[in-house]
Structures are given as structure tokens and as C-alpha cells.
Amino acid sequence: MNSSPFKKLRIFNFLNEGKKLLLDGGMSNQLESQGFDLNNDLWSAHLLLSHSRAIVDAHLYYLNAGAQCLITASYQATVSGLIQSGLNEQQAGDLIISSVLLAQQAIDEFMLNNPNTERAFVAASIGPYGASLADGSEYHGNYGVNDEVLRTHHQAQIKFLAQTNADLFACETIPSLQEARILKELLEKQMKPAWLSFSCKNGQQLNDGTPIEECVKEFNHSVNPIALGVNCTNPKYIVELIKRIKSTCPEKFIVVYPNSGEDYDPISKTWHGTASPSECGHASISWLNAGANIIGGCCRMGPQHISSIKQAMNRE
């Protein structure tokens, strides 16, 4: 990785020095715990419009729990989705950019009270095409659209997030080989580094059924993304997936942030099942031992889960 064009960037040096990066957890579940109803097509992105302070507060919960990197609330803040909500393209772009500014604001506020802490990173979230449909289709990845539809969709969001000072892009919950290939093409043209994380239905396959090895080998000779991995996937599959990714694409950093292992109902937009923070903390050590460089939580993983992971990392 030493020949990377990103080697002057703080995020790259942090990882290249062998440090482990702790991400935050799920944005939506934290906002719900703060009393907000997210049962709408924009999900947590709705609060970018109506209550941006809540997003700052959610970020602060994770920073206080020990997170070293915040993922922005732009997962479902897509240009097409925001235009459907009544905004024009520039207003949609400004709102997407604001997601990065809110994360940076939270870090600024945290640093005032914790001046000796290393400043957290910001990862600009780029969700899958399915997130813009708000129908749960990212959980199967069979969109039934051609490459140009996906390319146009992702180009629109990347165009605005590329203008920000976010440390990197977080292309997350990618459920299909088709979408991964489109993002590979777009990321190769960017000056900002990225990670790309897949959503998997088991320890071998993406949600669309493609073997994980077939997907990650596409990136063996790509400079960007700098990290590959898995998110919004049951924790019980993570170690096997890390091993498969690492054996197929050994030059990349590995990022994993699973969900809590609960099942999501896209109709009611609710989760069912349980997973304790202590179990999460214990499991996170196995992820690190398997070769992960960047770890955290996704849906239904809250500040207590991140705090538990932090404590486990400190014991190692």
C-alpha cells in the first residue's frame, strides 16, 4: 500500500501504521432512541431537513462512546430521493453536503471538551441504489436496472460529497456485483479515498448470491477503494467473510461493521431480535484477529455496542 497516491492523507497514514480504527454504530437506531420517528422514505436523512441538531447529537453519542470515525447521515440522502421530496438538484446537493458539515460540527464540539484526543475522521456515506428506493431492495440487490441507471445515481451523490472535506467515502451495504463494478469505475476517478463494504446473506455470498471472492477480486489492481469489507451483515458470518476477502485481495485494508444480527422488515421499517453490547465487544476481537483494520457497528448497533468494542480493543 506504500505506493498509494493517498499516502499523504491522515486516514491512510493512520491505517498504514497498523492502527485499528473504531467506527460509530447505526445512525437510525440512535436517532430513534432520541425520540424521532424515521418511518418515511428518507429515513434518517429526513432529519437533515427538519432537525439537523439531532444528527449532531447522535454523532456526539458515538464520539463519547469512543468512535474514531463518523459515518455521515447521507446513506439515504440521494439526489433523486431528495428531488422527489420537493427539492431541486442544488438544494439536494447542499443538503447532502450538510451531512458532512454536521459530522464535522460534532467533532469540533467533542474536541472542545476532549482537546487531547486525536481528531476523529469523517466518512461520507454513499448507500446502495436500493436505499433510494426505500423498499428494502438492498437486502437482495436484484434491482432490475441497467448499468447506466446505477452510474447516473451514484455519480450524482459522489459529485457533491467529493466537494467536502470528508476524509473518505464510505460506499456501504453494496449487495451486488453489478453495483460494485459501477462504483469501482467511479471511484477510480476520485481524488478522495474510499472503502467499499458489501452486504452479505451468509459467510460466502453477497445478498444477490455472488460469491464474495468474485466481487473482491475485481479490486485487486485498483488504487481506490483502499479498503474492502462487509457491513449490515449478521455478525456470525464476519470472521469467515474477512478470511475470504483477505485471501482474495490481500493488499487492501479490511473494514467490517455488522448489524446486530436482527431481521429487518422493510414494510414496517422495524427490526426483530436481540444482540447484547457485551456479545458485540467479545466478537469484535475475533474480527481484529481475523485481519480487520476498521471495525464498528451498523443497524441496531448503538453507542453501548461501540463502547463495548472500545473496551475490548483496549484490553488487547
# chains A, B, ... in the order shown; residues from 1 in each chain; ligands from 1
>>> closest_atom_pairs(of="range 97-195 of chain A", to="range 23-35 of chain A", cutoff="10 Å", atoms="only C-alpha atoms", output="JSON lines")
{"residue": "A:Ala120", "atom": "CA", "partner": "A:Leu23", "partner_atom": "CA", "distance": 9.5}
{"residue": "A:Phe121", "atom": "CA", "partner": "A:Leu23", "partner_atom": "CA", "distance": 9.1}
{"residue": "A:Val122", "atom": "CA", "partner": "A:Leu23", "partner_atom": "CA", "distance": 9.6}
{"residue": "A:Ala123", "atom": "CA", "partner": "A:Leu23", "partner_atom": "CA", "distance": 9.3}
>>> residues_around(residues="range 153-165 of chain A", least_positions_apart="5", cutoff="7 Å", atoms="only C-alpha atoms", output="list in words")
Thr78, Val79, Gly93, Ile96, Ile97, Val100 and Ala124 of chain A
>>> residues_around(residues="His140 in chain A", least_positions_apart="6", cutoff="8 Å", atoms="only C-alpha atoms", output="mmCIF file with N, CA and C atoms, in the first residue's frame")
data_model
loop_
_atom_site.group_PDB
_atom_site.id
_atom_site.type_symbol
_atom_site.label_atom_id
_atom_site.label_comp_id
_atom_site.auth_asym_id
_atom_site.auth_seq_id
_atom_site.Cartn_x
_atom_site.Cartn_y
_atom_site.Cartn_z
ATOM 1 N N PRO A 175 -24.984 -4.668 -2.363
ATOM 2 C CA PRO A 175 -25.500 -6.038 -2.351
ATOM 3 C C PRO A 175 -25.225 -6.857 -3.607
ATOM 4 N N ASN A 207 -25.689 -10.415 -1.002
ATOM 5 C CA ASN A 207 -27.144 -10.594 -0.962
ATOM 6 C C ASN A 207 -27.716 -11.051 -2.296
ATOM 7 N N ASP A 208 -27.034 -10.720 -3.397
ATOM 8 C CA ASP A 208 -27.546 -11.144 -4.708
ATOM 9 C C ASP A 208 -27.075 -12.554 -5.079
#
>>> residues_around(residues="Met301 in chain A", least_positions_apart="2", cutoff="9 Å", atoms="only C-alpha atoms", output="list in words")
Asp24, Gly25, Gly26, Met27, Asn29, Gln30, Pro258, Asn259, Ser260, Ala275, Pro277, Cys280, Gly296, Gly297, Cys298, Cys299, Pro303, Gln304, His305 and Ile306 of chain A
>>> write_last_selection(atoms="N, CA and C atoms", output="PDB file, in the first residue's frame")
ATOM      1  N   ASP A  24     -18.362   4.343  14.224  1.00  0.00           N
ATOM      2  CA  ASP A  24     -19.561   4.526  15.038  1.00  0.00           C
ATOM      3  C   ASP A  24     -20.513   3.363  14.793  1.00  0.00           C
ATOM      4  N   GLY A  25     -21.758   3.507  15.227  1.00  0.00           N
ATOM      5  CA  GLY A  25     -22.775   2.488  15.020  1.00  0.00           C
ATOM      6  C   GLY A  25     -23.892   3.023  14.142  1.00  0.00           C
ATOM      7  N   GLY A  26     -25.063   2.430  14.249  1.00  0.00           N
ATOM      8  CA  GLY A  26     -26.178   2.817  13.403  1.00  0.00           C
ATOM      9  C   GLY A  26     -26.710   4.212  13.717  1.00  0.00           C
ATOM     10  N   MET A  27     -26.903   5.001  12.680  1.00  0.00           N
ATOM     11  CA  MET A  27     -27.455   6.346  12.859  1.00  0.00           C
ATOM     12  C   MET A  27     -28.945   6.287  13.167  1.00  0.00           C
ATOM     13  N   ASN A  29     -30.964   3.933  14.482  1.00  0.00           N
ATOM     14  CA  ASN A  29     -31.386   3.456  15.803  1.00  0.00           C
ATOM     15  C   ASN A  29     -31.048   4.457  16.899  1.00  0.00           C
ATOM     16  N   GLN A  30     -29.937   5.201  16.720  1.00  0.00           N
ATOM     17  CA  GLN A  30     -29.606   6.214  17.718  1.00  0.00           C
ATOM     18  C   GLN A  30     -30.606   7.366  17.668  1.00  0.00           C
ATOM     19  N   PRO A 258     -20.836  -5.015  11.175  1.00  0.00           N
ATOM     20  CA  PRO A 258     -22.071  -5.787  11.027  1.00  0.00           C
ATOM     21  C   PRO A 258     -23.260  -5.140  11.728  1.00  0.00           C
ATOM     22  N   ASN A 259     -24.439  -5.632  11.389  1.00  0.00           N
ATOM     23  CA  ASN A 259     -25.618  -5.245  12.164  1.00  0.00           C
ATOM     24  C   ASN A 259     -25.689  -6.119  13.410  1.00  0.00           C
ATOM     25  N   SER A 260     -26.751  -6.018  14.139  1.00  0.00           N
ATOM     26  CA  SER A 260     -26.856  -6.723  15.417  1.00  0.00           C
ATOM     27  C   SER A 260     -27.284  -8.178  15.268  1.00  0.00           C
ATOM     28  N   ALA A 275     -29.399  -8.517  20.377  1.00  0.00           N
ATOM     29  CA  ALA A 275     -27.947  -8.735  20.398  1.00  0.00           C
ATOM     30  C   ALA A 275     -27.377  -7.789  21.436  1.00  0.00           C
ATOM     31  N   PRO A 277     -24.572  -5.653  23.803  1.00  0.00           N
ATOM     32  CA  PRO A 277     -23.289  -4.978  23.613  1.00  0.00           C
ATOM     33  C   PRO A 277     -22.097  -5.830  24.035  1.00  0.00           C
ATOM     34  N   CYS A 280     -21.167  -8.189  21.423  1.00  0.00           N
ATOM     35  CA  CYS A 280     -20.548  -7.449  20.329  1.00  0.00           C
ATOM     36  C   CYS A 280     -19.068  -7.182  20.627  1.00  0.00           C
ATOM     37  N   GLY A 296     -16.658  -1.579  13.505  1.00  0.00           N
ATOM     38  CA  GLY A 296     -17.705  -0.780  14.136  1.00  0.00           C
ATOM     39  C   GLY A 296     -19.018  -1.514  14.054  1.00  0.00           C
ATOM     40  N   GLY A 297     -20.115  -0.772  14.061  1.00  0.00           N
ATOM     41  CA  GLY A 297     -21.429  -1.387  14.026  1.00  0.00           C
ATOM     42  C   GLY A 297     -22.316  -0.734  12.985  1.00  0.00           C
ATOM     43  N   CYS A 298     -23.325  -1.459  12.554  1.00  0.00           N
ATOM     44  CA  CYS A 298     -24.287  -0.928  11.589  1.00  0.00           C
ATOM     45  C   CYS A 298     -25.661  -0.917  12.270  1.00  0.00           C
ATOM     46  N   CYS A 299     -26.696  -1.294  11.571  1.00  0.00           N
ATOM     47  CA  CYS A 299     -28.055  -1.198  12.080  1.00  0.00           C
ATOM     48  C   CYS A 299     -28.228  -1.912  13.416  1.00  0.00           C
ATOM     49  N   PRO A 303     -24.422   3.250  20.741  1.00  0.00           N
ATOM     50  CA  PRO A 303     -23.246   3.692  21.496  1.00  0.00           C
ATOM     51  C   PRO A 303     -22.741   2.676  22.513  1.00  0.00           C
ATOM     52  N   GLN A 304     -23.653   1.919  23.136  1.00  0.00           N
ATOM     53  CA  GLN A 304     -23.210   0.906  24.096  1.00  0.00           C
ATOM     54  C   GLN A 304     -22.405  -0.197  23.411  1.00  0.00           C
ATOM     55  N   HIS A 305     -22.791  -0.541  22.189  1.00  0.00           N
ATOM     56  CA  HIS A 305     -22.026  -1.538  21.436  1.00  0.00           C
ATOM     57  C   HIS A 305     -20.635  -1.005  21.104  1.00  0.00           C
ATOM     58  N   ILE A 306     -20.571   0.259  20.672  1.00  0.00           N
ATOM     59  CA  ILE A 306     -19.284   0.854  20.311  1.00  0.00           C
ATOM     60  C   ILE A 306     -18.392   0.977  21.543  1.00  0.00           C
TER      61      ILE A 306
END
>>> closest_residue(among="A:Asn234, A:Leu150, A:Ala77, A:Gln90", to="Ala131 in chain A", atoms="only C-alpha atoms")
A:Ala77
>>> residues_around(residues="range 241-255 of chain A", least_positions_apart="2", cutoff="6 Å", atoms="only C-alpha atoms", output="mmCIF file with N, CA and C atoms, in the first residue's frame")
data_model
loop_
_atom_site.group_PDB
_atom_site.id
_atom_site.type_symbol
_atom_site.label_atom_id
_atom_site.label_comp_id
_atom_site.auth_asym_id
_atom_site.auth_seq_id
_atom_site.Cartn_x
_atom_site.Cartn_y
_atom_site.Cartn_z
ATOM 1 N N GLY A 203 -21.822 -16.472 4.953
ATOM 2 C CA GLY A 203 -20.379 -16.317 5.027
ATOM 3 C C GLY A 203 -19.656 -16.460 3.707
ATOM 4 N N ASN A 220 -8.497 -6.039 -7.080
ATOM 5 C CA ASN A 220 -7.119 -6.408 -6.788
ATOM 6 C C ASN A 220 -6.107 -5.412 -7.328
ATOM 7 N N ILE A 226 -9.424 1.941 -0.915
ATOM 8 C CA ILE A 226 -8.260 1.483 -0.161
ATOM 9 C C ILE A 226 -8.629 0.346 0.791
ATOM 10 N N ALA A 227 -9.930 0.194 1.063
ATOM 11 C CA ALA A 227 -10.391 -0.852 1.977
ATOM 12 C C ALA A 227 -11.632 -1.526 1.413
ATOM 13 N N LEU A 228 -11.727 -2.820 1.660
ATOM 14 C CA LEU A 228 -12.895 -3.607 1.275
ATOM 15 C C LEU A 228 -13.423 -4.311 2.513
ATOM 16 N N GLY A 229 -14.703 -4.614 2.494
ATOM 17 C CA GLY A 229 -15.230 -5.316 3.661
ATOM 18 C C GLY A 229 -16.707 -5.592 3.584
ATOM 19 N N ILE A 238 -19.036 -12.799 9.972
ATOM 20 C CA ILE A 238 -17.980 -11.817 9.725
ATOM 21 C C ILE A 238 -16.589 -12.437 9.623
ATOM 22 N N VAL A 239 -16.226 -13.321 10.532
ATOM 23 C CA VAL A 239 -14.869 -13.883 10.506
ATOM 24 C C VAL A 239 -14.614 -14.633 9.203
ATOM 25 N N ALA A 292 -9.170 -7.689 10.395
ATOM 26 C CA ALA A 292 -9.854 -6.415 10.157
ATOM 27 C C ALA A 292 -9.007 -5.240 10.646
ATOM 28 N N ASN A 293 -9.034 -4.150 9.893
ATOM 29 C CA ASN A 293 -8.342 -2.909 10.264
ATOM 30 C C ASN A 293 -9.297 -1.835 10.760
ATOM 31 N N ILE A 294 -10.531 -1.901 10.282
ATOM 32 C CA ILE A 294 -11.556 -0.906 10.605
ATOM 33 C C ILE A 294 -12.788 -1.670 11.068
ATOM 34 N N ILE A 295 -13.272 -1.384 12.287
ATOM 35 C CA ILE A 295 -14.433 -2.114 12.794
ATOM 36 C C ILE A 295 -15.429 -1.153 13.444
#
>>> select_by_dssp(residues="range 175-219 of chain A", states="alpha helix (DSSP H)", output="VMD selection string")
chain A and resid 177 to 187 212 to 216
>>> select_by_dssp(residues="range 169-315 of chain A", states="strand (DSSP E)", output="MDAnalysis selection string")
chainID A and resid 169:174 194:198 227:231 253:257 263:265 270:272 294:295
>>> write_last_selection(atoms="C-alpha atoms", output="PDB file, in the first residue's frame")
ATOM      1  CA  PHE A 169     -16.101   7.892   1.016  1.00  0.00           C
ATOM      2  CA  ALA A 170     -17.957   5.026   2.691  1.00  0.00           C
ATOM      3  CA  CYS A 171     -19.623   3.075  -0.112  1.00  0.00           C
ATOM      4  CA  GLU A 172     -21.698   0.772   2.032  1.00  0.00           C
ATOM      5  CA  THR A 173     -24.245  -2.038   2.055  1.00  0.00           C
ATOM      6  CA  ILE A 174     -23.468  -2.911  -1.577  1.00  0.00           C
ATOM      7  CA  ALA A 194     -12.879   5.202  -0.162  1.00  0.00           C
ATOM      8  CA  TRP A 195     -13.860   1.969   1.432  1.00  0.00           C
ATOM      9  CA  LEU A 196     -16.396  -0.316  -0.177  1.00  0.00           C
ATOM     10  CA  SER A 197     -18.339  -2.715   2.015  1.00  0.00           C
ATOM     11  CA  PHE A 198     -20.677  -5.438   0.821  1.00  0.00           C
ATOM     12  CA  ALA A 227     -10.391  -0.852   1.977  1.00  0.00           C
ATOM     13  CA  LEU A 228     -12.895  -3.607   1.275  1.00  0.00           C
ATOM     14  CA  GLY A 229     -15.230  -5.316   3.661  1.00  0.00           C
ATOM     15  CA  VAL A 230     -18.701  -6.055   4.900  1.00  0.00           C
ATOM     16  CA  ASN A 231     -21.462  -4.166   6.689  1.00  0.00           C
ATOM     17  CA  PHE A 253      -7.346  -2.797   4.365  1.00  0.00           C
ATOM     18  CA  ILE A 254     -10.359  -4.670   5.755  1.00  0.00           C
ATOM     19  CA  VAL A 255     -13.457  -2.878   7.084  1.00  0.00           C
ATOM     20  CA  VAL A 256     -16.299  -4.646   8.917  1.00  0.00           C
ATOM     21  CA  TYR A 257     -19.301  -3.222  10.723  1.00  0.00           C
ATOM     22  CA  ASP A 263     -34.003  -9.243  10.978  1.00  0.00           C
ATOM     23  CA  TYR A 264     -35.318  -6.143   9.179  1.00  0.00           C
ATOM     24  CA  ASP A 265     -38.898  -5.777   7.931  1.00  0.00           C
ATOM     25  CA  THR A 270     -38.682  -2.304  12.138  1.00  0.00           C
ATOM     26  CA  TRP A 271     -36.139  -4.786  13.448  1.00  0.00           C
ATOM     27  CA  HIS A 272     -36.784  -8.017  15.342  1.00  0.00           C
ATOM     28  CA  ILE A 294     -11.556  -0.906  10.605  1.00  0.00           C
ATOM     29  CA  ILE A 295     -14.433  -2.114  12.794  1.00  0.00           C
TER      30      ILE A 295
END
>>> closest_residue(among="A:Gly261, A:Leu15, A:Leu49, A:Ser132", to="Leu87 in chain A", atoms="only C-alpha atoms")
A:Leu49
>>> residues_around(residues="Val56 in chain A", least_positions_apart="5", cutoff="9 Å", atoms="only C-alpha atoms", output="list in words")
Tyr61, Leu102, Ala103, Gln104, Gln105, Ala106 and Ile107 of chain A
>>> closest_residue(among="A:Ser308, A:Ser199, A:Glu316, A:Leu168", to="Ala65 in chain A", atoms="only C-alpha atoms")
A:Ser308
>>> atom_distance(atom1="CA of Met191 in chain A", atom2="CA of Ser99 in chain A")
19.7 Å
>>> residues_around(residues="Glu188 in chain A", least_positions_apart="4", cutoff="9 Å", atoms="only C-alpha atoms", output="VMD selection string")
chain A and resid 183 to 184 222 to 225
>>> decode(residues="range 103-119 of chain A", atoms="C-alpha atoms", output="tab-separated table (two decimals), in the first residue's frame")
chain	number	residue	atom	x	y	z
A	103	ALA	CA	-20.34	15.39	11.43
A	104	GLN	CA	-17.52	17.92	11.49
A	105	GLN	CA	-19.53	20.14	13.83
A	106	ALA	CA	-19.97	17.22	16.23
A	107	ILE	CA	-16.22	16.57	16.16
A	108	ASP	CA	-15.50	20.26	16.81
A	109	GLU	CA	-17.81	20.22	19.83
A	110	PHE	CA	-16.28	16.99	21.11
A	111	MET	CA	-12.75	18.36	20.75
A	112	LEU	CA	-13.61	21.38	22.91
A	113	ASN	CA	-14.21	19.03	25.83
A	114	ASN	CA	-11.55	16.50	24.84
A	115	PRO	CA	-8.64	18.60	23.50
A	116	ASN	CA	-6.06	15.84	23.94
A	117	THR	CA	-7.98	13.31	21.86
A	118	GLU	CA	-6.92	12.64	18.28
A	119	ARG	CA	-9.45	14.24	15.95
